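Peer 1: CSV, C-alpha atoms, file data_10.csv:
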```
chain,number,residue,atom,x,y,z
A,271,MET,CA,-12.3,71.3,-45.7
A,272,ASN,CA,-10.0,69.9,-43.1
A,273,ARG,CA,-12.0,69.8,-39.9
A,274,PHE,CA,-9.1,71.3,-37.9
A,275,GLN,CA,-8.9,74.3,-40.2
A,276,LYS,CA,-10.5,77.5,-38.8
A,277,LYS,CA,-12.5,79.6,-41.3
A,278,ARG,CA,-14.6,82.7,-41.0
A,279,ARG,CA,-18.1,82.4,-42.4
A,280,ASN,CA,-20.5,85.2,-43.5
A,281,LYS,CA,-24.1,85.7,-44.1
A,282,ASN,CA,-23.9,84.5,-47.7
A,283,ASP,CA,-22.2,81.3,-46.6
A,284,PHE,CA,-25.0,80.6,-44.2
A,285,LEU,CA,-27.9,81.4,-46.6
A,286,GLU,CA,-26.4,79.0,-49.1
A,287,LEU,CA,-27.7,76.3,-46.9
A,288,PHE,CA,-31.2,77.1,-48.2
A,289,ASN,CA,-29.9,76.2,-51.7
A,290,ARG,CA,-28.2,72.9,-50.8
A,291,LEU,CA,-31.0,70.8,-52.2
A,292,LYS,CA,-32.1,70.8,-55.8
A,293,PRO,CA,-35.6,72.3,-56.0
A,294,GLY,CA,-38.4,69.9,-56.9
A,295,THR,CA,-36.6,66.8,-55.7
A,296,ASP,CA,-37.4,64.6,-52.8
A,297,TYR,CA,-34.7,63.8,-50.2
A,298,GLN,CA,-34.2,62.1,-46.9
A,299,ASP,CA,-32.1,63.7,-44.1
A,300,PHE,CA,-29.6,61.9,-42.0
A,301,HIS,CA,-32.5,60.4,-39.9
A,302,ASP,CA,-34.0,59.0,-43.1
A,303,VAL,CA,-36.9,61.4,-42.7
A,304,SER,CA,-38.5,62.5,-46.0
A,305,CYS,CA,-38.1,66.1,-47.0
A,306,THR,CA,-38.1,68.4,-50.1
A,307,ALA,CA,-36.0,71.3,-51.2
A,308,PRO,CA,-37.5,74.7,-50.0
A,309,VAL,CA,-38.6,77.1,-52.7
A,310,GLY,CA,-38.7,80.9,-52.3
A,311,VAL,CA,-37.4,81.0,-48.7
A,312,LEU,CA,-34.5,83.3,-49.5
A,313,GLU,CA,-36.9,85.7,-51.2
A,314,GLN,CA,-39.2,85.5,-48.2
A,315,LEU,CA,-36.2,86.3,-45.9
A,316,SER,CA,-35.1,89.3,-48.0
A,317,LYS,CA,-38.6,90.8,-48.0
A,318,SER,CA,-39.1,90.2,-44.3
A,319,ASP,CA,-39.4,93.2,-41.9
A,320,ASP,CA,-37.7,91.0,-39.2
A,321,TYR,CA,-35.0,88.9,-40.9
A,322,LYS,CA,-33.5,87.6,-37.7
A,323,ARG,CA,-36.8,86.4,-36.3
A,324,GLU,CA,-37.7,84.6,-39.5
A,325,LEU,CA,-34.2,83.0,-39.6
A,326,PHE,CA,-34.5,81.8,-36.0
A,327,LYS,CA,-37.9,80.3,-36.8
A,328,PHE,CA,-36.4,78.2,-39.6
A,329,CYS,CA,-33.5,77.1,-37.3
A,330,GLY,CA,-35.9,76.1,-34.5
A,331,ILE,CA,-34.0,78.2,-31.9
A,332,PRO,CA,-35.9,80.5,-29.4
A,333,TYR,CA,-35.8,84.2,-30.4
A,334,ASN,CA,-34.7,86.2,-27.4
A,335,SER,CA,-31.8,88.3,-26.3
A,336,THR,CA,-29.8,85.3,-24.9
A,337,TYR,CA,-29.7,83.4,-28.2
A,338,LEU,CA,-29.5,86.6,-30.3
A,339,SER,CA,-26.1,87.2,-28.6
A,340,PHE,CA,-24.7,84.2,-30.4
A,341,PHE,CA,-26.0,85.6,-33.7
A,342,TYR,CA,-24.3,88.9,-33.1
A,343,GLU,CA,-21.0,87.2,-32.5
A,344,GLY,CA,-20.9,86.1,-36.2
A,345,TYR,CA,-22.1,83.2,-38.3
A,346,ASN,CA,-19.4,80.9,-37.0
A,347,SER,CA,-20.8,81.2,-33.5
A,348,PHE,CA,-24.4,81.1,-34.7
A,349,ALA,CA,-23.7,77.9,-36.8
A,350,GLU,CA,-21.9,76.4,-33.7
A,351,LEU,CA,-25.1,77.1,-31.7
A,352,LEU,CA,-27.2,75.6,-34.4
A,353,ALA,CA,-25.1,72.4,-34.6
A,354,LEU,CA,-25.2,71.8,-30.8
A,355,TRP,CA,-29.0,72.5,-30.8
A,356,THR,CA,-29.5,70.0,-33.6
A,357,TYR,CA,-27.3,67.4,-31.8
A,358,GLY,CA,-29.8,67.8,-28.9
A,359,ILE,CA,-28.0,70.1,-26.4
A,360,ARG,CA,-30.3,72.7,-24.9
A,361,ASN,CA,-28.6,73.6,-21.7
A,362,LEU,CA,-27.0,77.1,-22.0
A,363,MET,CA,-24.2,76.2,-19.5
A,364,ALA,CA,-23.3,73.1,-21.6
A,365,ILE,CA,-23.4,75.1,-24.8
A,366,ASP,CA,-21.1,77.8,-23.3
A,367,ILE,CA,-18.7,75.2,-22.0
A,368,ILE,CA,-18.4,73.4,-25.4
A,369,MET,CA,-18.2,76.6,-27.5
A,370,SER,CA,-15.4,78.0,-25.2
A,371,ALA,CA,-13.4,74.8,-25.9
A,372,ASP,CA,-14.2,74.6,-29.6
A,373,LYS,CA,-11.8,77.3,-30.8
A,374,LYS,CA,-11.7,76.0,-34.3
A,375,TYR,CA,-15.5,75.7,-34.7
A,376,LEU,CA,-15.5,72.0,-35.4
A,377,PHE,CA,-19.3,71.7,-34.8
A,378,ALA,CA,-19.9,74.8,-37.0
A,379,ASN,CA,-17.9,73.2,-39.7
A,380,GLU,CA,-20.4,70.3,-39.8
A,381,VAL,CA,-23.2,72.8,-40.4
A,382,PHE,CA,-21.5,74.2,-43.5
A,383,LYS,CA,-20.3,70.7,-44.6
A,384,TYR,CA,-23.5,68.7,-44.3
A,385,GLY,CA,-26.2,71.1,-43.1
A,386,MET,CA,-29.3,72.0,-45.1
A,387,PHE,CA,-32.7,73.6,-44.8
A,388,ALA,CA,-35.5,71.4,-46.1
A,389,ASN,CA,-39.3,71.3,-46.1
A,390,TYR,CA,-41.0,68.8,-43.8
A,391,LYS,CA,-44.7,67.8,-43.7
A,392,ASP,CA,-46.7,67.7,-40.5
A,393,GLU,CA,-48.0,64.1,-41.2
A,394,ASP,CA,-50.2,64.0,-38.1
A,395,SER,CA,-52.1,67.1,-39.2
A,396,LEU,CA,-52.3,66.0,-42.8
A,397,GLU,CA,-54.1,62.8,-41.9
A,398,ALA,CA,-57.0,64.7,-40.4
A,399,LEU,CA,-57.5,67.0,-43.4
A,400,SER,CA,-58.8,66.7,-46.9
A,401,GLN,CA,-56.6,66.5,-49.9
A,402,GLU,CA,-57.4,70.1,-50.8
A,403,ALA,CA,-56.3,71.3,-47.3
A,404,GLU,CA,-53.1,69.2,-47.6
A,405,LYS,CA,-51.8,71.9,-49.9
A,406,SER,CA,-51.9,74.5,-47.1
A,407,GLU,CA,-48.5,76.0,-46.5
A,408,GLY,CA,-49.2,76.0,-42.8
A,409,LEU,CA,-48.6,72.2,-42.8
A,410,ILE,CA,-45.2,72.5,-44.4
A,411,GLN,CA,-42.3,73.5,-42.1
A,412,THR,CA,-38.9,74.7,-43.2
A,413,CYS,CA,-36.4,73.3,-40.8
A,414,PHE,CA,-32.6,72.8,-40.4
A,415,SER,CA,-31.2,69.3,-40.6
A,416,PHE,CA,-28.2,67.5,-42.0
A,417,LYS,CA,-27.9,65.6,-45.3
A,418,GLU,CA,-25.4,63.1,-43.8
A,419,GLU,CA,-24.8,62.2,-40.2
A,420,PRO,CA,-22.4,64.8,-38.8
A,421,TRP,CA,-19.2,64.3,-36.9
A,422,ILE,CA,-19.5,62.5,-33.5
A,423,TYR,CA,-23.3,62.8,-33.6
A,424,GLU,CA,-23.9,59.3,-32.2
A,425,GLN,CA,-21.3,59.8,-29.5
A,426,VAL,CA,-22.9,63.1,-28.3
A,427,ARG,CA,-26.4,61.4,-28.3
A,428,THR,CA,-24.9,58.5,-26.2
A,429,LEU,CA,-23.6,61.0,-23.7
A,430,LEU,CA,-26.9,62.8,-23.5
A,431,ARG,CA,-28.7,59.5,-22.8
A,432,THR,CA,-26.3,58.5,-20.1
A,433,CYS,CA,-25.5,61.7,-18.2
A,434,SER,CA,-26.7,65.3,-17.8
A,435,GLU,CA,-26.2,68.0,-20.4
A,436,THR,CA,-23.8,69.7,-18.1
A,437,TRP,CA,-21.7,66.5,-17.8
A,438,THR,CA,-21.9,66.2,-21.6
A,439,GLY,CA,-20.6,69.7,-22.0
A,440,TYR,CA,-17.6,69.1,-19.7
A,441,LEU,CA,-16.7,65.8,-21.4
A,442,LEU,CA,-16.9,67.3,-24.9
A,443,ALA,CA,-14.9,70.3,-23.8
A,444,ASP,CA,-12.1,68.0,-22.4
A,445,PHE,CA,-12.1,66.1,-25.7
A,446,LEU,CA,-12.0,69.3,-27.8
A,447,LYS,CA,-9.1,70.7,-25.8
A,448,ARG,CA,-7.0,67.6,-25.9
A,449,PRO,CA,-8.1,65.3,-28.8
A,450,LYS,CA,-6.1,62.1,-28.6
A,451,ASP,CA,-5.9,59.0,-30.8
A,452,MET,CA,-5.2,55.5,-29.5
A,453,ASN,CA,-4.1,52.2,-31.1
A,454,ILE,CA,-6.6,49.4,-31.1
A,455,CYS,CA,-5.5,45.8,-31.8
A,456,THR,CA,-7.6,44.3,-34.6
A,457,ASN,CA,-5.8,41.0,-34.9
A,458,MET,CA,-3.5,39.8,-32.1
A,459,TYR,CA,-1.9,37.1,-34.3
A,460,THR,CA,-0.8,39.4,-37.1
A,461,LYS,CA,-0.2,42.3,-34.7
A,462,THR,CA,-2.4,44.5,-36.7
A,463,PHE,CA,-3.5,47.8,-35.2
A,464,ARG,CA,-5.7,50.7,-36.3
A,465,LYS,CA,-5.8,54.3,-35.0
A,466,GLU,CA,-9.1,55.4,-33.4
A,467,SER,CA,-10.1,58.6,-31.5
A,468,ALA,CA,-9.9,57.8,-27.8
A,469,PHE,CA,-13.1,59.8,-27.4
A,470,ILE,CA,-15.0,57.7,-29.9
A,471,ALA,CA,-13.6,54.4,-28.6
A,472,ILE,CA,-14.4,55.1,-24.9
A,473,VAL,CA,-17.9,56.4,-25.7
A,474,ASP,CA,-18.8,53.6,-28.1
A,475,ASP,CA,-17.1,50.6,-26.3
A,476,ILE,CA,-17.6,51.6,-22.7
A,477,VAL,CA,-20.1,54.4,-22.0
A,478,SER,CA,-22.7,53.1,-24.4
A,479,THR,CA,-22.5,49.6,-23.0
A,480,MET,CA,-22.6,50.5,-19.3
A,481,SER,CA,-25.4,51.8,-17.0
A,482,GLY,CA,-26.2,52.2,-13.4
A,483,ASP,CA,-23.6,52.5,-10.6
A,484,PHE,CA,-20.6,51.4,-12.6
A,485,LEU,CA,-21.2,54.2,-15.2
A,486,ASN,CA,-21.9,56.9,-12.6
A,487,GLU,CA,-19.4,55.9,-9.9
A,488,VAL,CA,-16.5,54.7,-12.0
A,489,VAL,CA,-16.7,55.5,-15.7
A,490,LEU,CA,-17.8,59.1,-15.8
A,491,PRO,CA,-15.7,60.3,-12.8
A,492,ARG,CA,-12.6,58.6,-14.3
A,493,ILE,CA,-13.1,60.4,-17.7
A,494,LYS,CA,-13.8,63.7,-16.0
A,495,GLU,CA,-10.6,63.4,-13.9
A,496,GLU,CA,-8.2,62.0,-16.5
A,497,GLY,CA,-9.8,62.8,-19.9
A,498,PHE,CA,-10.1,60.5,-22.9
A,499,SER,CA,-6.9,58.5,-23.5
A,500,GLN,CA,-5.6,55.0,-24.2
A,501,LYS,CA,-4.7,54.6,-20.6
A,502,VAL,CA,-8.2,55.4,-19.4
A,503,TYR,CA,-9.7,53.2,-22.1
A,504,GLU,CA,-7.6,50.2,-21.1
A,505,SER,CA,-8.1,50.7,-17.4
A,506,LEU,CA,-11.9,51.0,-17.8
A,507,PHE,CA,-12.1,48.1,-20.2
A,508,LYS,CA,-10.1,45.9,-17.8
A,509,GLU,CA,-12.5,46.8,-14.9
A,510,MET,CA,-15.5,46.3,-17.1
A,511,THR,CA,-14.4,42.8,-18.2
A,512,LEU,CA,-13.4,41.5,-14.7
A,513,GLY,CA,-15.2,38.2,-14.0
A,514,CYS,CA,-15.8,37.4,-17.7
A,515,GLU,CA,-15.7,33.7,-18.5
A,516,GLU,CA,-12.5,32.2,-19.7
A,517,GLU,CA,-14.3,31.0,-22.8
A,518,GLU,CA,-14.9,34.6,-24.0
A,519,THR,CA,-11.2,35.3,-24.6
A,520,LEU,CA,-9.5,34.7,-27.9
A,521,PRO,CA,-8.2,31.2,-28.6
A,522,PRO,CA,-4.6,30.3,-29.0
A,523,PRO,CA,-3.3,30.4,-32.6
A,524,GLU,CA,-3.0,26.7,-32.8
A,525,LEU,CA,-6.8,26.2,-32.3
A,526,LYS,CA,-8.2,24.1,-35.1
A,527,ILE,CA,-11.0,25.6,-37.1
A,528,LEU,CA,-14.1,23.4,-37.4
A,529,TYR,CA,-15.2,23.2,-41.1
A,530,SER,CA,-18.1,21.2,-42.4
A,531,GLN,CA,-17.4,18.4,-44.8
A,532,GLY,CA,-18.9,20.5,-47.6
A,533,GLU,CA,-16.4,23.4,-46.8
A,534,LYS,CA,-13.5,20.9,-46.7
A,535,ASN,CA,-14.5,19.7,-50.1
A,536,LEU,CA,-14.0,23.2,-51.5
A,537,GLU,CA,-10.2,22.6,-51.3
A,538,TRP,CA,-8.7,21.7,-54.7
A,539,LYS,CA,-5.3,21.4,-56.4
A,540,TYR,CA,-4.5,21.7,-60.1
A,541,GLY,CA,-0.9,21.9,-61.2
A,542,ARG,CA,0.7,24.9,-59.4
A,543,TYR,CA,-2.8,26.2,-58.3
A,544,GLN,CA,-4.2,25.5,-54.9
A,545,PHE,CA,-7.6,26.5,-53.4
A,546,ILE,CA,-7.1,26.2,-49.7
A,547,LEU,CA,-8.9,26.9,-46.4
A,548,PRO,CA,-6.9,28.2,-43.4
A,549,LYS,CA,-6.5,25.3,-40.9
A,550,THR,CA,-6.0,27.1,-37.6
A,551,ALA,CA,-7.2,30.3,-35.9
A,552,GLY,CA,-3.7,31.7,-36.3
A,553,GLU,CA,-3.2,30.7,-39.9
A,554,VAL,CA,-3.7,33.9,-42.0
A,555,TYR,CA,-2.6,35.4,-45.3
A,556,LYS,CA,-2.4,39.0,-46.4
A,557,MET,CA,-3.3,40.7,-49.6
A,558,ASN,CA,-3.6,44.5,-50.3
A,559,ASP,CA,-2.9,45.1,-46.6
A,560,GLU,CA,-6.1,43.1,-45.7
A,561,THR,CA,-5.9,40.1,-43.5
A,562,PHE,CA,-7.9,37.0,-44.5
A,563,TYR,CA,-8.5,34.0,-42.3
A,564,GLY,CA,-10.8,31.0,-42.0
A,565,THR,CA,-14.3,30.9,-40.7
A,566,SER,CA,-13.8,31.0,-37.0
A,567,LEU,CA,-16.5,31.9,-34.4
A,568,PHE,CA,-13.8,33.6,-32.3
A,569,LEU,CA,-12.1,35.7,-35.0
A,570,ASN,CA,-14.8,36.4,-37.6
A,571,LEU,CA,-18.3,36.3,-36.1
A,572,GLU,CA,-19.8,38.3,-39.0
A,573,VAL,CA,-18.7,35.6,-41.5
A,574,VAL,CA,-20.0,32.8,-39.3
A,575,GLU,CA,-23.4,34.5,-38.8
A,576,SER,CA,-23.8,35.1,-42.5
A,577,GLY,CA,-22.6,31.6,-43.5
A,578,LYS,CA,-19.6,32.7,-45.5
A,579,THR,CA,-16.3,31.0,-46.0
A,580,GLU,CA,-13.0,32.3,-47.3
A,581,ILE,CA,-10.9,30.5,-49.9
A,582,CYS,CA,-7.3,31.5,-50.7
A,583,VAL,CA,-6.2,30.8,-54.3
A,584,MET,CA,-2.5,30.2,-54.4
A,585,ARG,CA,-0.3,30.0,-57.5
A,586,GLY,CA,2.9,28.5,-56.3
A,587,THR,CA,3.7,30.3,-53.0
A,588,ARG,CA,1.9,33.6,-53.8
A,589,PRO,CA,-1.8,34.4,-53.0
A,590,LYS,CA,-3.5,35.0,-56.4
A,591,ALA,CA,-7.0,35.7,-55.1
A,592,ALA,CA,-9.2,35.6,-52.1
A,593,ILE,CA,-12.7,34.2,-52.7
A,594,GLU,CA,-15.8,34.8,-50.4
A,595,ILE,CA,-18.3,32.0,-50.6
A,596,GLU,CA,-21.8,31.9,-49.2
A,597,VAL,CA,-22.8,28.5,-47.7
A,598,TYR,CA,-26.5,27.7,-47.8
A,599,SER,CA,-28.4,25.4,-45.5
A,600,ASP,CA,-29.0,22.9,-48.3
A,601,GLY,CA,-25.2,22.5,-48.7
A,602,SER,CA,-25.0,24.6,-51.9
A,603,PHE,CA,-22.4,27.3,-52.5
A,604,GLU,CA,-22.6,30.7,-54.2
A,605,LEU,CA,-19.7,33.1,-55.0
A,606,GLN,CA,-20.0,36.4,-53.3
A,607,SER,CA,-16.8,38.3,-54.0
A,608,ILE,CA,-13.3,37.9,-55.4
A,609,TYR,CA,-10.4,40.0,-54.1
A,610,LEU,CA,-7.2,40.5,-56.2
A,611,PRO,CA,-3.9,42.1,-55.5
A,612,ARG,CA,-4.0,45.7,-56.9
A,613,LYS,CA,-0.8,45.5,-59.0
A,614,ARG,CA,-1.6,45.0,-62.6
A,615,HIS,CA,0.8,42.1,-63.1
A,616,ASN,CA,-1.2,40.2,-60.5
A,617,SER,CA,-4.4,40.4,-62.4
A,618,LEU,CA,-6.1,37.2,-63.7
A,619,SER,CA,-4.7,35.9,-66.9
A,620,GLU,CA,-6.7,33.8,-69.3
A,621,LYS,CA,-5.2,30.7,-67.7
A,622,ASP,CA,-6.0,31.9,-64.2
A,623,PHE,CA,-9.6,32.6,-65.2
A,624,GLU,CA,-9.9,29.2,-66.9
A,625,ILE,CA,-8.6,27.4,-63.7
A,626,LEU,CA,-11.1,29.4,-61.7
A,627,ARG,CA,-14.0,28.3,-64.0
A,628,CYS,CA,-12.9,24.7,-63.6
A,629,TRP,CA,-13.0,25.0,-59.9
A,630,TYR,CA,-16.6,26.4,-60.0
A,631,ILE,CA,-17.6,23.4,-62.1
A,632,GLU,CA,-15.7,20.9,-60.0
A,633,LYS,CA,-17.2,22.2,-56.7
A,634,ASN,CA,-20.6,23.1,-58.0
A,635,VAL,CA,-20.3,26.7,-57.0
A,636,GLU,CA,-23.0,29.0,-58.4
A,637,VAL,CA,-21.5,32.1,-59.9
A,638,PRO,CA,-23.6,35.3,-60.5
A,639,PRO,CA,-23.2,36.7,-64.1
A,640,VAL,CA,-21.2,39.7,-63.0
A,641,TRP,CA,-18.4,37.5,-61.6
A,642,GLN,CA,-18.2,35.6,-64.9
A,643,ASN,CA,-16.4,38.5,-66.5
A,644,LYS,CA,-12.6,38.5,-66.2
A,645,ASP,CA,-12.2,42.2,-67.1
A,646,PHE,CA,-14.7,43.2,-64.4
A,647,ILE,CA,-12.8,41.2,-61.7
A,648,ASN,CA,-9.4,42.5,-62.8
A,649,ASN,CA,-10.5,46.2,-62.8
A,650,LEU,CA,-11.9,45.8,-59.3
A,651,GLY,CA,-8.6,44.2,-58.2
A,652,TYR,CA,-6.5,47.1,-59.5
A,653,PHE,CA,-8.4,49.7,-57.6
A,654,GLY,CA,-9.3,47.8,-54.5
A,655,LYS,CA,-13.0,48.6,-54.7
A,656,PHE,CA,-14.0,45.9,-52.2
A,657,LYS,CA,-12.1,47.3,-49.2
A,658,HIS,CA,-15.4,48.1,-47.5
A,659,LEU,CA,-16.2,44.4,-47.2
A,660,LYS,CA,-15.5,43.1,-43.7
A,661,MET,CA,-13.1,40.4,-44.5
A,662,LYS,CA,-10.1,41.6,-42.6
A,663,GLY,CA,-8.9,41.5,-39.1
A,664,ASN,CA,-10.9,44.4,-37.8
```
Translate this structure into structure tokens?
Peer 2:
Amino acid sequence: MNRFQKKRRNKNDFLELFNRLKPGTDYQDFHDVSCTAPVGVLEQLSKSDDYKRELFKFCGIPYNSTYLSFFYEGYNSFAELLALWTYGIRNLMAIDIIMSADKKYLFANEVFKYGMFANYKDEDSLEALSQEAEKSEGLIQTCFSFKEEPWIYEQVRTLLRTCSETWTGYLLADFLKRPKDMNICTNMYTKTFRKESAFIAIVDDIVSTMSGDFLNEVVLPRIKEEGFSQKVYESLFKEMTLGCEEEETLPPPELKILYSQGEKNLEWKYGRYQFILPKTAGEVYKMNDETFYGTSLFLNLEVVESGKTEICVMRGTRPKAAIEIEVYSDGSFELQSIYLPRKRHNSLSEKDFEILRCWYIEKNVEVPPVWQNKDFINNLGYFGKFKHLKMKGN
């Protein structure tokens, strides 16, 4: 469901959360805590003389008139309360501020999208008891959790760690009333941008990295006054980075990339085919809207840290494939991935594949069995299955 789509939920929608897990199967929640599917809970609820009290117990929410008022407003409001409670917000003022701003029940939507009730063991109590006593139902608790990490969970937790619950409520309310996206430059040389929520960018890049006076005297008041926007992000980021060393900025495009002799030896030419390394920090090539560039500490720290190198295979003037190579400390190489253009006429032909095999042999590149299958490589190329690999400008 579109998270900006408002939908009314009823009792049956909520109770379905008890059936989200397959009975008799072990699971892990979004915190990687082991749990199992509850059995017979709905029957227990239906037979209960106090349905609401039992339900609140499973949700972990105090059972009193204050919290019952959310329940009487309907299951959207109750799910909204349950989500905020699970995110870690307990302050009633903060809850009211957020719920008043969340007109489309975005937090409640996460309950119905990823929420679940599961059985958890009280491991501390189990250790002190015999195996026979371990079967006691008193040591099993049915609790609400999420199967997958819900929307902006980490950002809310960051705010709760850095400011009060009331402040968190005001900041979330501002974001919910005026959600804004911003453009973040992922590669200054190719002018590549991606859209990101201004709220997520500011919390992840600024709030989570700051502490002390700068956070309390500059960051939080600025956000409270002006909200979450690209202007606020850029202004805070500029203040945050004042005084940084010159060496920490990106290098000019003409900066030469330092390759080892072994990496240089990976280059090869055979007829119209070329296996090449980018030579400068600004020398890039694009394929499937992904930007590939050479191993540069400034531009691709992940690749440097993992010891990987990128090779572009050219046939004439067109990129035919992008190859990711792992470089080991003993100077040996192992193929990690091959990226192909998605269009079918750009797949590897028998000749292409034979040239590729010749290159492996010539350069002593170890190739795992799965990458020795031409059809396997071509099928991945058509559908772009390797988009998740971090080999692009962002």
Peer 1: Please provide the set of residues having any atom within 9 Å of Gln314 (chain A), restricted to all atoms listed in the file, with same-chain residues fewer than 4 positions apart removed, written as number ranges by chain.
Peer 2: A: 310, 318, 324
Peer 1: So the first atom is CA of Asp372 (chain A) and the second is CA of Glu418 (chain A); what is the distance between them in Å, to one decimal place?
Peer 2: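 Interatomic distance, CA of Asp372 (chain A) to CA of Glu418 (chain A): 21.4 Å.
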Peer 1: So which one's closest to Lys508 (chain A), A:Ile476, A:Ile365, A:Val303, A:Ile593? Using all atoms listed in the file, please.
Peer 2: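 The closest residue to Lys508 (chain A) is A:Ile476.
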Peer 1: Name the closest residue to Ser617 (chain A) among the candidates A:Tyr503, A:Phe646, A:Tyr342, A:Phe382; distances are taken between atoms, counting all atoms listed in the file.
Peer 2: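 Comparing A:Tyr503, A:Phe646, A:Tyr342, A:Phe382 against Ser617 (chain A), the winner is A:Phe646.
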Peer 1: Please determine, counting only C-alpha atoms, which residue among A:Tyr357, A:Trp629, A:Phe463, A:Phe377 has the shortest atom-to-atom distance to Asn535 (chain A).
Peer 2: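 Going through A:Tyr357, A:Trp629, A:Phe463, A:Phe377 one by one, the smallest distance to Asn535 (chain A) is for A:Trp629.
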Peer 1: Figure out the distance between CA of Trp355 (chain A) and CA of Gly330 (chain A), please, to one decimal in Å.
Peer 2: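 Spanning CA of Gly330 (chain A) to CA of Trp355 (chain A) is a straight-line distance of 8.6 Å.
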Peer 1: Write out as number ranges by chain the residues lying within 12 Å of Glu533 (chain A), counting all atoms listed in the file and excluding same-chain residues fewer than 6 positions away.
Peer 2: A: 527, 545-549, 564-565, 577-581, 594-598, 601-603, 633-635
Peer 1: Kindly indicate which residue among A:Ile410, A:Leu490, A:Ala371, A:Leu376 lies nearest to Leu429 (chain A), using only C-alpha atoms for the distances.
Peer 2: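 That would be A:Leu490, the residue with the smallest distance to Leu429 (chain A).
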Peer 1: Which residue is closest to Leu325 (chain A)? Choose from A:Ser481, A:Thr436, A:Thr412, A:Asn289 and count all atoms listed in the file.
Peer 2: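 Under the stated criterion, the closest residue is A:Thr412.
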Peer 1: Taking 5 positions as the minimum chain separation for residues in the same chain, which residues sit within 7 Å of Met584 (chain A) when counting all atoms listed in the file? Answer as an MDAnalysis selection string.
Peer 2: chainID A and resid 543:545 589:590
Peer 1: Output region 490-503 of chain A with N, CA and C atoms present, as a PDB file, keeping the file's coordinate frame.
Peer 2:
```
ATOM      1  N   LEU A 490     -17.742  57.685 -15.576  1.00  0.00           N
ATOM      2  CA  LEU A 490     -17.800  59.100 -15.800  1.00  0.00           C
ATOM      3  C   LEU A 490     -16.821  59.917 -14.922  1.00  0.00           C
ATOM      4  N   PRO A 491     -16.690  59.604 -13.618  1.00  0.00           N
ATOM      5  CA  PRO A 491     -15.700  60.300 -12.800  1.00  0.00           C
ATOM      6  C   PRO A 491     -14.266  60.122 -13.330  1.00  0.00           C
ATOM      7  N   ARG A 492     -13.947  58.904 -13.810  1.00  0.00           N
ATOM      8  CA  ARG A 492     -12.600  58.600 -14.300  1.00  0.00           C
ATOM      9  C   ARG A 492     -12.321  59.485 -15.565  1.00  0.00           C
ATOM     10  N   ILE A 493     -13.300  59.547 -16.450  1.00  0.00           N
ATOM     11  CA  ILE A 493     -13.100  60.400 -17.700  1.00  0.00           C
ATOM     12  C   ILE A 493     -13.009  61.828 -17.301  1.00  0.00           C
ATOM     13  N   LYS A 494     -13.858  62.297 -16.373  1.00  0.00           N
ATOM     14  CA  LYS A 494     -13.800  63.700 -16.000  1.00  0.00           C
ATOM     15  C   LYS A 494     -12.494  64.073 -15.365  1.00  0.00           C
ATOM     16  N   GLU A 495     -11.912  63.151 -14.617  1.00  0.00           N
ATOM     17  CA  GLU A 495     -10.600  63.400 -13.900  1.00  0.00           C
ATOM     18  C   GLU A 495      -9.435  63.296 -14.854  1.00  0.00           C
ATOM     19  N   GLU A 496      -9.428  62.270 -15.711  1.00  0.00           N
ATOM     20  CA  GLU A 496      -8.200  62.000 -16.500  1.00  0.00           C
ATOM     21  C   GLU A 496      -8.400  62.232 -18.002  1.00  0.00           C
ATOM     22  N   GLY A 497      -9.627  62.484 -18.456  1.00  0.00           N
ATOM     23  CA  GLY A 497      -9.800  62.800 -19.900  1.00  0.00           C
ATOM     24  C   GLY A 497      -9.948  61.475 -20.697  1.00  0.00           C
ATOM     25  N   PHE A 498      -9.943  61.653 -22.016  1.00  0.00           N
ATOM     26  CA  PHE A 498     -10.100  60.500 -22.900  1.00  0.00           C
ATOM     27  C   PHE A 498      -8.673  60.154 -23.451  1.00  0.00           C
ATOM     28  N   SER A 499      -8.210  58.969 -23.098  1.00  0.00           N
ATOM     29  CA  SER A 499      -6.900  58.500 -23.500  1.00  0.00           C
ATOM     30  C   SER A 499      -6.851  57.007 -23.574  1.00  0.00           C
ATOM     31  N   GLN A 500      -5.787  56.481 -24.151  1.00  0.00           N
ATOM     32  CA  GLN A 500      -5.600  55.000 -24.200  1.00  0.00           C
ATOM     33  C   GLN A 500      -5.523  54.421 -22.837  1.00  0.00           C
ATOM     34  N   LYS A 501      -4.830  55.115 -21.940  1.00  0.00           N
ATOM     35  CA  LYS A 501      -4.700  54.600 -20.600  1.00  0.00           C
ATOM     36  C   LYS A 501      -6.027  54.478 -19.883  1.00  0.00           C
ATOM     37  N   VAL A 502      -6.886  55.488 -20.045  1.00  0.00           N
ATOM     38  CA  VAL A 502      -8.200  55.400 -19.400  1.00  0.00           C
ATOM     39  C   VAL A 502      -9.041  54.328 -20.075  1.00  0.00           C
ATOM     40  N   TYR A 503      -8.963  54.219 -21.407  1.00  0.00           N
ATOM     41  CA  TYR A 503      -9.700  53.200 -22.100  1.00  0.00           C
ATOM     42  C   TYR A 503      -9.326  51.791 -21.596  1.00  0.00           C
TER      43      TYR A 503
END
```
